[in-house]
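Chemist: Hey, dropping data_12.cif in here, mmCIF, C-alpha atoms and all ligand atoms:
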```
data_my_file
#
loop_
_atom_site.group_PDB
_atom_site.id
_atom_site.type_symbol
_atom_site.label_atom_id
_atom_site.label_comp_id
_atom_site.auth_asym_id
_atom_site.auth_seq_id
_atom_site.Cartn_x
_atom_site.Cartn_y
_atom_site.Cartn_z
ATOM 1 C CA MET A 1 5.741 -18.997 39.695
ATOM 2 C CA ILE A 2 7.060 -15.639 40.837
ATOM 3 C CA PHE A 3 6.241 -12.542 38.849
ATOM 4 C CA THR A 4 8.114 -9.300 39.340
ATOM 5 C CA LYS A 5 6.196 -6.060 39.768
ATOM 6 C CA ALA A 6 7.144 -3.744 36.910
ATOM 7 C CA ASP A 7 7.234 -0.206 38.289
ATOM 8 C CA ASP A 8 9.131 1.167 35.277
ATOM 9 C CA ILE A 9 6.707 -0.147 32.628
ATOM 10 C CA ARG A 10 3.649 1.906 31.671
ATOM 11 C CA LEU A 11 0.856 0.681 29.462
ATOM 12 C CA GLU A 12 -1.697 2.607 27.440
ATOM 13 C CA LEU A 13 -4.718 0.545 26.362
ATOM 14 C CA PRO A 14 -7.526 1.831 24.135
ATOM 15 C CA ARG A 15 -10.974 0.755 25.338
ATOM 16 C CA ALA A 16 -11.680 -0.366 21.748
ATOM 17 C CA ALA A 17 -8.796 -2.878 21.978
ATOM 18 C CA ILE A 18 -10.187 -4.379 25.189
ATOM 19 C CA GLU A 19 -13.625 -4.514 23.559
ATOM 20 C CA ALA A 20 -12.161 -6.383 20.531
ATOM 21 C CA ILE A 21 -10.418 -8.857 22.875
ATOM 22 C CA PHE A 22 -13.545 -9.422 24.994
ATOM 23 C CA ASP A 23 -15.656 -9.937 21.851
ATOM 24 C CA GLU A 24 -13.305 -12.754 20.821
ATOM 25 C CA CYS A 25 -13.505 -14.217 24.368
ATOM 26 C CA ASP A 26 -17.310 -14.271 24.067
ATOM 27 C CA ARG A 27 -16.983 -16.472 20.977
ATOM 28 C CA TYR A 28 -14.805 -19.105 22.733
ATOM 29 C CA ASN A 29 -16.216 -20.091 26.074
ATOM 30 C CA VAL A 30 -14.610 -23.531 26.345
ATOM 31 C CA ASP A 31 -11.393 -23.368 24.320
ATOM 32 C CA GLU A 32 -8.483 -20.957 24.654
ATOM 33 C CA THR A 33 -8.271 -18.158 22.122
ATOM 34 C CA GLY A 34 -6.144 -15.067 21.584
ATOM 35 C CA GLY A 35 -4.542 -12.727 19.057
ATOM 36 C CA ARG A 36 -1.655 -10.382 18.269
ATOM 37 C CA ILE A 37 -1.255 -6.976 19.831
ATOM 38 C CA LEU A 38 0.056 -4.043 17.776
ATOM 39 C CA GLY A 39 1.182 -0.588 18.774
ATOM 40 C CA THR A 40 4.154 1.649 19.467
ATOM 41 C CA TYR A 41 6.537 2.045 22.403
ATOM 42 C CA LYS A 42 9.043 4.427 23.986
ATOM 43 C CA ASN A 43 12.242 3.342 25.687
ATOM 44 C CA ALA A 44 14.457 5.378 28.041
ATOM 45 C CA GLY A 45 16.877 3.346 30.107
ATOM 46 C CA ARG A 46 14.726 0.957 32.171
ATOM 47 C CA GLN A 47 11.611 3.037 31.492
ATOM 48 C CA LEU A 48 9.313 1.460 28.941
ATOM 49 C CA GLY A 49 6.065 2.966 27.683
ATOM 50 C CA ILE A 50 3.850 0.636 25.642
ATOM 51 C CA SER A 51 0.972 2.079 23.661
ATOM 52 C CA VAL A 52 -1.456 -0.436 22.150
ATOM 53 C CA SER A 53 -3.223 0.593 18.952
ATOM 54 C CA GLY A 54 -4.449 -2.612 17.358
ATOM 55 C CA VAL A 55 -5.422 -6.243 17.836
ATOM 56 C CA ILE A 56 -5.166 -8.866 15.091
ATOM 57 C CA GLU A 57 -7.680 -11.686 15.337
ATOM 58 C CA PRO A 58 -6.380 -15.303 15.594
ATOM 59 C CA GLY A 59 -7.208 -16.058 11.953
ATOM 60 C CA PRO A 60 -9.278 -18.736 10.197
ATOM 61 C CA ALA A 61 -6.703 -21.558 10.651
ATOM 62 C CA ALA A 62 -6.080 -21.023 14.411
ATOM 63 C CA GLN A 63 -6.058 -24.214 16.556
ATOM 64 C CA ARG A 64 -7.768 -24.276 19.966
ATOM 65 C CA THR A 65 -8.294 -26.675 22.862
ATOM 66 C CA GLN A 66 -9.045 -25.938 26.509
ATOM 67 C CA THR A 67 -5.312 -25.819 27.293
ATOM 68 C CA TYR A 68 -3.748 -25.127 23.927
ATOM 69 C CA PHE A 69 -3.964 -22.309 21.423
ATOM 70 C CA LYS A 70 -2.056 -21.750 18.176
ATOM 71 C CA GLN A 71 -2.634 -18.663 16.059
ATOM 72 C CA ASP A 72 -2.919 -18.581 12.250
ATOM 73 C CA GLY A 73 0.432 -16.875 11.700
ATOM 74 C CA GLU A 74 0.158 -16.658 7.942
ATOM 75 C CA TYR A 75 -3.141 -14.805 8.125
ATOM 76 C CA GLN A 76 -1.850 -12.487 10.868
ATOM 77 C CA GLU A 77 1.306 -11.681 8.907
ATOM 78 C CA LYS A 78 -0.841 -10.613 5.955
ATOM 79 C CA ILE A 79 -2.950 -8.325 8.142
ATOM 80 C CA PHE A 80 0.173 -6.919 9.803
ATOM 81 C CA ARG A 81 1.755 -5.980 6.442
ATOM 82 C CA LYS A 82 -1.492 -4.274 5.436
ATOM 83 C CA VAL A 83 -1.578 -2.243 8.652
ATOM 84 C CA GLU A 84 2.150 -1.468 8.324
ATOM 85 C CA ASP A 85 1.489 0.063 4.886
ATOM 86 C CA LEU A 86 -0.951 2.489 6.474
ATOM 87 C CA VAL A 87 0.951 3.081 9.729
ATOM 88 C CA PRO A 88 4.682 2.499 9.050
ATOM 89 C CA ASP A 89 5.905 2.849 12.673
ATOM 90 C CA ILE A 90 3.578 0.102 13.962
ATOM 91 C CA GLU A 91 5.190 -2.787 15.880
ATOM 92 C CA HIS A 92 4.080 -6.268 16.863
ATOM 93 C CA LEU A 93 4.160 -5.743 20.639
ATOM 94 C CA GLY A 94 3.057 -9.192 21.740
ATOM 95 C CA ASN A 95 0.108 -11.545 22.193
ATOM 96 C CA TRP A 96 -3.031 -11.984 24.194
ATOM 97 C CA HIS A 97 -4.765 -15.238 25.100
ATOM 98 C CA THR A 98 -7.303 -16.673 27.518
ATOM 99 C CA HIS A 99 -6.980 -18.776 30.663
ATOM 100 C CA HIS A 100 -10.438 -18.259 32.138
ATOM 101 C CA VAL A 101 -11.468 -21.475 30.336
ATOM 102 C CA ASN A 102 -8.898 -23.576 32.284
ATOM 103 C CA GLY A 103 -8.817 -21.696 35.580
ATOM 104 C CA LEU A 104 -5.089 -20.838 35.572
ATOM 105 C CA ARG A 105 -4.859 -17.224 36.802
ATOM 106 C CA HIS A 106 -1.387 -16.449 35.454
ATOM 107 C CA LEU A 107 0.932 -17.283 32.545
ATOM 108 C CA SER A 108 1.760 -20.993 32.318
ATOM 109 C CA GLY A 109 5.291 -22.405 32.257
ATOM 110 C CA GLY A 110 4.741 -23.162 28.559
ATOM 111 C CA ASP A 111 3.643 -19.579 27.862
ATOM 112 C CA ILE A 112 6.755 -18.200 29.547
ATOM 113 C CA GLU A 113 9.027 -20.600 27.660
ATOM 114 C CA THR A 114 7.463 -19.592 24.341
ATOM 115 C CA TYR A 115 7.657 -15.859 25.052
ATOM 116 C CA ARG A 116 11.229 -16.205 26.327
ATOM 117 C CA ARG A 117 12.252 -17.835 23.030
ATOM 118 C CA THR A 118 10.430 -15.085 21.132
ATOM 119 C CA VAL A 119 11.965 -12.126 22.967
ATOM 120 C CA GLU A 120 15.482 -13.573 22.635
ATOM 121 C CA HIS A 121 15.003 -14.373 18.924
ATOM 122 C CA ALA A 122 17.135 -12.369 16.497
ATOM 123 C CA ASN A 123 14.107 -11.711 14.287
ATOM 124 C CA HIS A 124 12.042 -10.216 17.105
ATOM 125 C CA ASN A 125 11.895 -6.494 16.403
ATOM 126 C CA THR A 126 11.702 -5.103 19.949
ATOM 127 C CA ASP A 127 13.675 -5.993 23.106
ATOM 128 C CA PHE A 128 10.512 -6.824 25.039
ATOM 129 C CA PHE A 129 7.424 -8.995 24.634
ATOM 130 C CA TYR A 130 4.044 -7.910 25.938
ATOM 131 C CA ALA A 131 1.406 -10.490 26.935
ATOM 132 C CA LEU A 132 -2.160 -9.781 27.916
ATOM 133 C CA LEU A 133 -3.860 -12.670 29.697
ATOM 134 C CA VAL A 134 -7.601 -12.936 30.276
ATOM 135 C CA ILE A 135 -7.979 -14.844 33.587
ATOM 136 C CA GLU A 136 -11.601 -14.612 34.633
ATOM 137 C CA LYS A 137 -15.097 -14.243 33.260
ATOM 138 C CA LYS A 138 -17.419 -12.187 35.462
ATOM 139 C CA PRO A 139 -20.925 -13.583 35.131
ATOM 140 C CA GLY A 140 -23.645 -10.958 35.028
ATOM 141 C CA GLN A 141 -21.187 -8.185 34.112
ATOM 142 C CA THR A 142 -21.321 -6.268 30.838
ATOM 143 C CA GLY A 143 -19.017 -4.062 28.762
ATOM 144 C CA LEU A 144 -15.418 -3.733 29.905
ATOM 145 C CA GLN A 145 -16.303 -5.331 33.262
ATOM 146 C CA ARG A 146 -17.169 -8.762 31.866
ATOM 147 C CA TYR A 147 -13.618 -10.204 31.961
ATOM 148 C CA VAL A 148 -10.577 -9.722 34.186
ATOM 149 C CA PHE A 149 -7.123 -9.601 32.609
ATOM 150 C CA LYS A 150 -3.464 -9.205 33.574
ATOM 151 C CA ASN A 151 -0.547 -7.623 31.708
ATOM 152 C CA TYR A 152 2.916 -9.154 31.521
ATOM 153 C CA VAL A 153 6.169 -8.023 29.926
ATOM 154 C CA MET A 154 9.342 -9.990 29.290
ATOM 155 C CA ARG A 155 12.562 -8.202 28.409
ATOM 156 C CA ARG A 156 15.483 -9.398 26.335
ATOM 157 C CA GLY A 157 18.441 -10.571 28.428
ATOM 158 C CA ASP A 158 16.349 -10.433 31.627
ATOM 159 C CA GLU A 159 15.099 -13.578 33.358
ATOM 160 C CA ASN A 160 12.237 -11.886 35.202
ATOM 161 C CA VAL A 161 8.647 -12.073 34.085
ATOM 162 C CA TYR A 162 7.166 -8.662 34.853
ATOM 163 C CA GLU A 163 3.588 -8.035 35.777
ATOM 164 C CA VAL A 164 2.398 -4.500 35.072
ATOM 165 C CA PRO A 165 0.475 -3.202 38.115
ATOM 166 C CA ALA A 166 -3.025 -1.893 37.464
ATOM 167 C CA SER A 167 -1.875 1.574 38.593
ATOM 168 C CA ASN A 168 0.488 1.689 35.586
ATOM 169 C CA VAL A 169 -2.264 0.916 33.065
ATOM 170 C CA THR A 170 -4.149 3.811 31.479
ATOM 171 C CA LEU A 171 -7.326 3.269 29.471
ATOM 172 C CA VAL A 172 -7.698 5.667 26.534
ATOM 173 C CA ASP A 173 -10.320 6.366 23.880
ATOM 174 C CA SER A 174 -8.027 6.450 20.834
ATOM 175 C CA PRO A 175 -9.157 4.613 17.659
ATOM 176 C CA LEU A 176 -7.570 1.337 16.568
ATOM 177 C CA VAL A 177 -5.563 0.743 13.390
ATOM 178 C CA TRP A 178 -6.995 -2.791 13.473
ATOM 179 C CA PRO A 179 -9.683 -4.169 13.560
ATOM 180 C CA ALA A 180 -11.043 -1.619 11.085
ATOM 181 C CA SER A 181 -12.008 1.456 13.064
ATOM 182 C CA GLU A 182 -13.462 4.610 11.562
ATOM 183 C CA THR A 183 -10.014 6.154 11.106
ATOM 184 C CA HIS A 184 -8.769 2.999 9.526
ATOM 185 C CA SER A 185 -11.635 2.751 7.053
ATOM 186 C CA ARG A 186 -11.180 6.440 6.228
ATOM 187 C CA ILE A 187 -7.516 5.821 5.368
ATOM 188 C CA GLN A 188 -8.487 2.786 3.321
ATOM 189 C CA GLN A 189 -11.214 4.714 1.572
ATOM 190 C CA ALA A 190 -8.766 7.484 0.658
ATOM 191 C CA ALA A 191 -6.301 4.907 -0.636
ATOM 192 C CA ARG A 192 -9.015 3.209 -2.675
ATOM 193 C CA SER A 193 -10.325 6.434 -4.197
ATOM 194 C CA SER A 194 -6.831 7.585 -5.196
ATOM 195 C CA GLU A 195 -6.279 4.193 -6.819
ATOM 196 C CA ALA A 196 -9.592 4.534 -8.650
ATOM 197 C CA TYR A 197 -8.586 8.024 -9.744
ATOM 198 C CA ALA A 198 -5.249 6.774 -11.054
ATOM 199 C CA ARG A 199 -7.015 3.984 -12.934
ATOM 200 C CA ALA A 200 -9.606 6.392 -14.358
ATOM 201 C CA SER A 201 -7.046 8.923 -15.565
ATOM 202 C CA LYS A 202 -4.998 6.126 -17.116
ATOM 203 C CA LYS A 203 -8.140 4.980 -18.909
ATOM 204 C CA GLU A 204 -8.685 8.451 -20.329
ATOM 205 C CA THR A 205 -5.293 8.527 -22.025
ATOM 206 C CA ARG A 206 -5.699 5.033 -23.426
ATOM 207 C CA PRO A 207 -8.389 5.677 -26.080
ATOM 208 C CA GLU A 208 -6.304 8.562 -27.452
ATOM 209 C CA LEU A 209 -3.356 6.234 -28.054
ATOM 210 C CA ILE A 210 -5.591 3.450 -29.356
ATOM 211 C CA ASP A 211 -7.225 5.845 -31.836
ATOM 212 C CA ASP A 212 -3.770 7.044 -32.837
ATOM 213 C CA GLN A 213 -2.560 3.531 -33.356
ATOM 214 C CA GLU A 214 -5.561 2.513 -35.483
ATOM 215 C CA VAL A 215 -5.378 5.539 -37.767
ATOM 216 C CA ILE A 216 -1.589 5.489 -38.071
ATOM 217 C CA ALA A 217 -1.434 1.736 -38.777
ATOM 218 C CA GLN A 218 -4.068 2.126 -41.521
ATOM 219 C CA PHE A 219 -2.900 5.311 -43.242
ATOM 220 C CA PHE A 220 0.824 5.353 -42.430
ATOM 221 C CA PRO A 221 1.740 1.652 -42.370
ATOM 222 C CA LYS A 222 5.472 2.367 -42.427
ATOM 223 C CA VAL A 223 5.305 4.493 -39.271
ATOM 224 C CA LYS A 224 5.760 2.468 -36.082
ATOM 225 C CA MET A 225 4.908 3.390 -32.538
ATOM 226 C CA LEU A 226 7.963 3.087 -30.305
ATOM 227 C CA GLN A 227 8.753 3.730 -26.675
ATOM 228 C CA SER A 228 11.992 4.668 -24.967
ATOM 229 C CA LYS A 229 12.897 5.574 -21.396
ATOM 230 C CA GLU A 230 14.256 8.912 -22.519
ATOM 231 C CA LEU A 231 11.624 9.956 -25.078
ATOM 232 C CA GLY A 232 8.505 8.171 -23.864
ATOM 233 C CA ILE A 233 6.100 7.232 -26.658
ATOM 234 C CA TYR A 234 7.024 8.290 -30.176
ATOM 235 C CA TRP A 235 6.427 7.294 -33.806
ATOM 236 C CA ARG A 236 9.010 6.864 -36.477
ATOM 237 C CA GLY A 237 8.880 5.811 -40.111
ATOM 238 C CA LYS A 238 8.389 6.860 -43.701
ATOM 239 C CA ILE A 239 5.325 8.557 -45.137
ATOM 240 C CA VAL A 240 4.528 8.407 -48.865
ATOM 241 C CA LEU A 241 3.987 11.774 -50.527
ATOM 242 C CA ALA A 242 1.921 12.837 -53.565
ATOM 243 C CA ASP A 243 4.847 12.482 -56.002
ATOM 244 C CA GLY A 244 5.484 8.913 -54.831
ATOM 245 C CA SER A 245 8.585 9.867 -52.832
ATOM 246 C CA GLU A 246 9.026 8.921 -49.216
ATOM 247 C CA THR A 247 10.206 10.996 -46.299
ATOM 248 C CA GLU A 248 11.117 9.828 -42.823
ATOM 249 C CA VAL A 249 9.197 11.396 -39.959
ATOM 250 C CA VAL A 250 9.629 11.305 -36.177
ATOM 251 C CA VAL A 251 6.631 12.302 -34.040
ATOM 252 C CA LEU A 252 7.492 12.932 -30.379
ATOM 253 C CA ARG A 253 4.758 12.823 -27.762
ATOM 254 C CA ASP A 254 5.130 14.831 -24.540
ATOM 255 C CA THR A 255 5.573 12.599 -21.501
ATOM 256 C CA ALA A 256 3.096 14.684 -19.454
ATOM 257 C CA GLU A 257 -0.457 15.873 -20.070
ATOM 258 C CA PRO A 258 -1.857 17.184 -22.359
ATOM 259 C CA PHE A 259 0.544 14.936 -24.334
ATOM 260 C CA GLU A 260 1.187 17.314 -27.239
ATOM 261 C CA CYS A 261 3.028 15.973 -30.251
ATOM 262 C CA SER A 262 5.736 17.554 -32.378
ATOM 263 C CA VAL A 263 7.219 16.506 -35.731
ATOM 264 C CA THR A 264 10.706 16.341 -37.207
ATOM 265 C CA LEU A 265 11.538 15.401 -40.790
ATOM 266 C CA ARG A 266 14.654 13.243 -41.016
ATOM 267 C CA GLU A 267 17.008 14.203 -43.853
ATOM 268 C CA PRO A 268 14.351 16.005 -45.919
ATOM 269 C CA THR A 269 14.891 16.485 -49.640
ATOM 270 C CA GLU A 270 15.681 19.967 -50.874
ATOM 271 C CA ALA A 271 12.093 20.335 -52.095
ATOM 272 C CA LEU A 272 10.808 19.919 -48.553
ATOM 273 C CA GLU A 273 13.295 22.306 -46.869
ATOM 274 C CA PRO A 274 10.731 25.141 -46.573
ATOM 275 C CA VAL A 275 8.370 23.103 -44.421
ATOM 276 C CA VAL A 276 10.994 21.896 -41.953
ATOM 277 C CA LYS A 277 11.095 25.208 -40.083
ATOM 278 C CA THR A 278 7.324 25.575 -39.936
ATOM 279 C CA LEU A 279 6.877 22.025 -38.718
ATOM 280 C CA GLY A 280 9.517 22.567 -36.050
ATOM 281 C CA LYS A 281 7.353 25.255 -34.410
ATOM 282 C CA ALA A 282 4.054 23.387 -34.494
ATOM 283 C CA THR A 283 2.453 21.156 -31.887
ATOM 284 C CA PHE A 284 -0.426 18.712 -32.400
ATOM 285 C CA PRO A 285 -2.985 17.175 -30.052
ATOM 286 C CA SER A 286 -2.229 13.603 -31.143
ATOM 287 C CA GLY A 287 0.146 11.477 -33.184
ATOM 288 C CA ARG A 288 -2.333 10.996 -36.025
ATOM 289 C CA THR A 289 -3.052 14.735 -36.429
ATOM 290 C CA ALA A 290 0.703 15.360 -36.472
ATOM 291 C CA LEU A 291 1.219 12.840 -39.275
ATOM 292 C CA ILE A 292 -1.804 13.957 -41.323
ATOM 293 C CA ALA A 293 -0.727 17.614 -41.077
ATOM 294 C CA THR A 294 2.832 16.707 -42.034
ATOM 295 C CA GLU A 295 1.675 14.742 -45.057
ATOM 296 C CA ARG A 296 -0.560 17.608 -46.194
ATOM 297 C CA VAL A 297 1.991 20.364 -45.735
ATOM 298 C CA CYS A 298 4.645 18.302 -47.513
ATOM 299 C CA ASN A 299 2.270 17.561 -50.396
ATOM 300 C CA ALA A 300 1.265 21.218 -50.586
ATOM 301 C CA GLN A 301 4.928 22.183 -50.718
ATOM 302 C CA LEU A 302 5.636 19.669 -53.467
ATOM 303 C CA VAL A 303 2.655 20.891 -55.501
ATOM 304 C CA SER A 304 3.597 24.552 -55.092
ATOM 305 C CA ALA A 305 7.212 23.789 -56.028
ATOM 306 C CA PHE A 306 5.931 21.915 -59.069
ATOM 307 C CA SER A 307 3.610 24.741 -60.121
ATOM 308 C CA GLY A 308 6.401 27.227 -59.502
ATOM 309 C CA LYS A 309 4.390 29.274 -57.030
ATOM 310 C CA LYS A 310 5.877 30.389 -53.758
ATOM 311 C CA ARG A 311 3.711 29.121 -50.943
ATOM 312 C CA ARG A 312 3.876 29.863 -47.281
ATOM 313 C CA GLY A 313 4.339 26.771 -45.277
ATOM 314 C CA ARG A 314 1.233 26.995 -43.158
ATOM 315 C CA LEU A 315 -0.159 24.230 -41.106
ATOM 316 C CA TRP A 316 -3.712 23.304 -40.416
ATOM 317 C CA MET A 317 -4.098 23.281 -36.774
ATOM 318 C CA PHE A 318 -6.281 20.488 -35.466
HETATM 319 ZN ZN ZN A 401 -1.435 -19.824 28.412
#
```
Starting from the coordinates I provided, produce the structure as structure tokens.
Modeler:
Amino acid sequence: MIFTKADDIRLELPRAAIEAIFDECDRYNVDETGGRILGTYKNAGRQLGISVSGVIEPGPAAQRTQTYFKQDGEYQEKIFRKVEDLVPDIEHLGNWHTHHVNGLRHLSGGDIETYRRTVEHANHNTDFFYALLVIEKKPGQTGLQRYVFKNYVMRRGDENVYEVPASNVTLVDSPLVWPASETHSRIQQAARSSEAYARASKKETRPELIDDQEVIAQFFPKVKMLQSKELGIYWRGKIVLADGSETEVVVLRDTAEPFECSVTLREPTEALEPVVKTLGKATFPSGRTALIATERVCNAQLVSAFSGKKRRGRLWMF
């Protein structure tokens, strides 16, 4: 197997990513294991800069033997979509797996075949495939010294298998998007608390509408709560007045907080004309207060008309 030295490929690896990979290696001493590598890249002609920023674990349904390893793709896809939501420009850069368990110190023919198919596949997002291969366990060593690994890149439309020389690999201290680093959990926390806030504020407006609905259904049974795209929530229907007549009322509720309500009388009788103008200027804190006030002011108007007294159409503000 001949590997080509890749002078025009540079690789940036966070120490936390290597640590995550080595931790997984520690768990599988006999069988092969591996995972997906996430990050970003920059392309300029033949120059390629790969920057790793995450490692997805193999997943609960991964299959392993000493010479065979298959990742749990369904699980990894789910994690990838989650990370993508938080970091939209993230890419699946490639894979990592282990050979120190079988003694092969480079990619196998099968590995190369698989990666070749991947990099040439129409659904593969980038025109390269990055592979990190753990080739040796160093007994007695700790930390980032306990395993030895190599870095390979395959490019679309290019038969070579490139090995990135150690001089082109830079170790950095940047945090990972996955597995959950501090930054990552901070982003998640912020997302969770804004969700909780949205739920809480939704909750606060609910009792107001429920109270409205209970009171209105009981005291104004002919008035129905309706909803339209244009108007939002509103009520419409007839209210029964003191003289036994009915008048049709529309209560509009503002679509934004504090959700004030306003009232319109539909085709009011001549007797109710004086209250129409007053009602048109008033706002109410809820649908039920709007309807109660309307009923009262209409009744007051009817009574004053009946008793022959001129009465100012004043509203009780709630
Ligand atoms: Zn392999």
Chemist: Given the choices A:Arg116, A:Leu133, A:Pro60, A:Leu48, which gets closest to ligand ZN 401 (chain A) if the distance is worked out from all atoms listed in the file?
Modeler: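 Smallest separation from ligand ZN 401 (chain A) among the options: A:Leu133.
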Chemist: Can you tell me which residues sit at most 6 Å away from ligand ZN 401 (chain A), counting all atoms listed in the file, written as an NGL selection string?
Modeler: :A and (107-108 or 111)
Chemist: Smallest atom-to-atom distance to Lys224 of chain A: which of A:Lys42, A:Leu104, A:Val172, A:Gly287, using only C-alpha atoms?
Modeler: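 When distances to Lys224 of chain A are compared using only C-alpha atoms, the smallest one comes from A:Gly287.
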Chemist: Compile the contact shell of Cys261 of chain A as an MDAnalysis selection string: residues with an atom at most 7 Å away, counting all atoms listed in the file, same-chain residues fewer than 3 positions apart removed.
Modeler: chainID A and resid 251:254 283:287 290
Chemist: Within 8 Å of segment 80-90 of chain A, counting all atoms listed in the file, which residues qualify if same-chain residues fewer than 5 places away don't, as a list of chain:residue names?
Modeler: A:Leu38, A:Gly39, A:Thr40, A:Ile56, A:Val177, A:Trp178, A:Ile187
Chemist: Choose the residue, out of A:Glu257, A:Glu163, A:Glu214, A:Asp243, that has the smallest atom-to-atom separation from Ala271 of chain A; count all atoms listed in the file.
Modeler: A:Asp243
Chemist: Between atom CA of Asp127 of chain A and atom CA of Ala6 of chain A, what is the distance, to one decimal in Å?
Modeler: 15.4 Å
Chemist: Under the rule that only C-alpha atoms are counted, which of A:Thr126, A:Leu144, A:His121, A:Ala62 is the nearest residue to Asp23 of chain A?
Modeler: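 The shortest atom-to-atom distance to Asp23 of chain A comes from A:Leu144.
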Chemist: What is the distance between atom CA of Tyr28 of chain A and atom CA of Pro14 of chain A, in Å to one decimal?
Modeler: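 We find that atom CA of Tyr28 of chain A and atom CA of Pro14 of chain A lie 22.2 Å from each other.
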Chemist: Which is closest to Phe3 of chain A among A:Tyr162, A:Tyr68, A:Trp235, A:Trp96, if we use only C-alpha atoms?
Modeler: A:Tyr162
Chemist: Kindly list the centre and edge lengths in Å, rounded to one decimal, for the axis-aligned box that covers all listed atoms of segment 225-230 of chain A plus 5 Å on each of its six sides, as AutoDock Vina command-line options.
Modeler:
```
--center_x 9.6 --center_y 6.0 --center_z -27.0 --size_x 19.3 --size_y 15.8 --size_z 21.1
```
Chemist: Find the residues near Leu13 of chain A: any atom within 10 Å, counting all atoms listed in the file, skip ones fewer than 6 places away on the same chain, and give them as a ChimeraX atom specification.
Modeler: /A:39,50-54,169-174
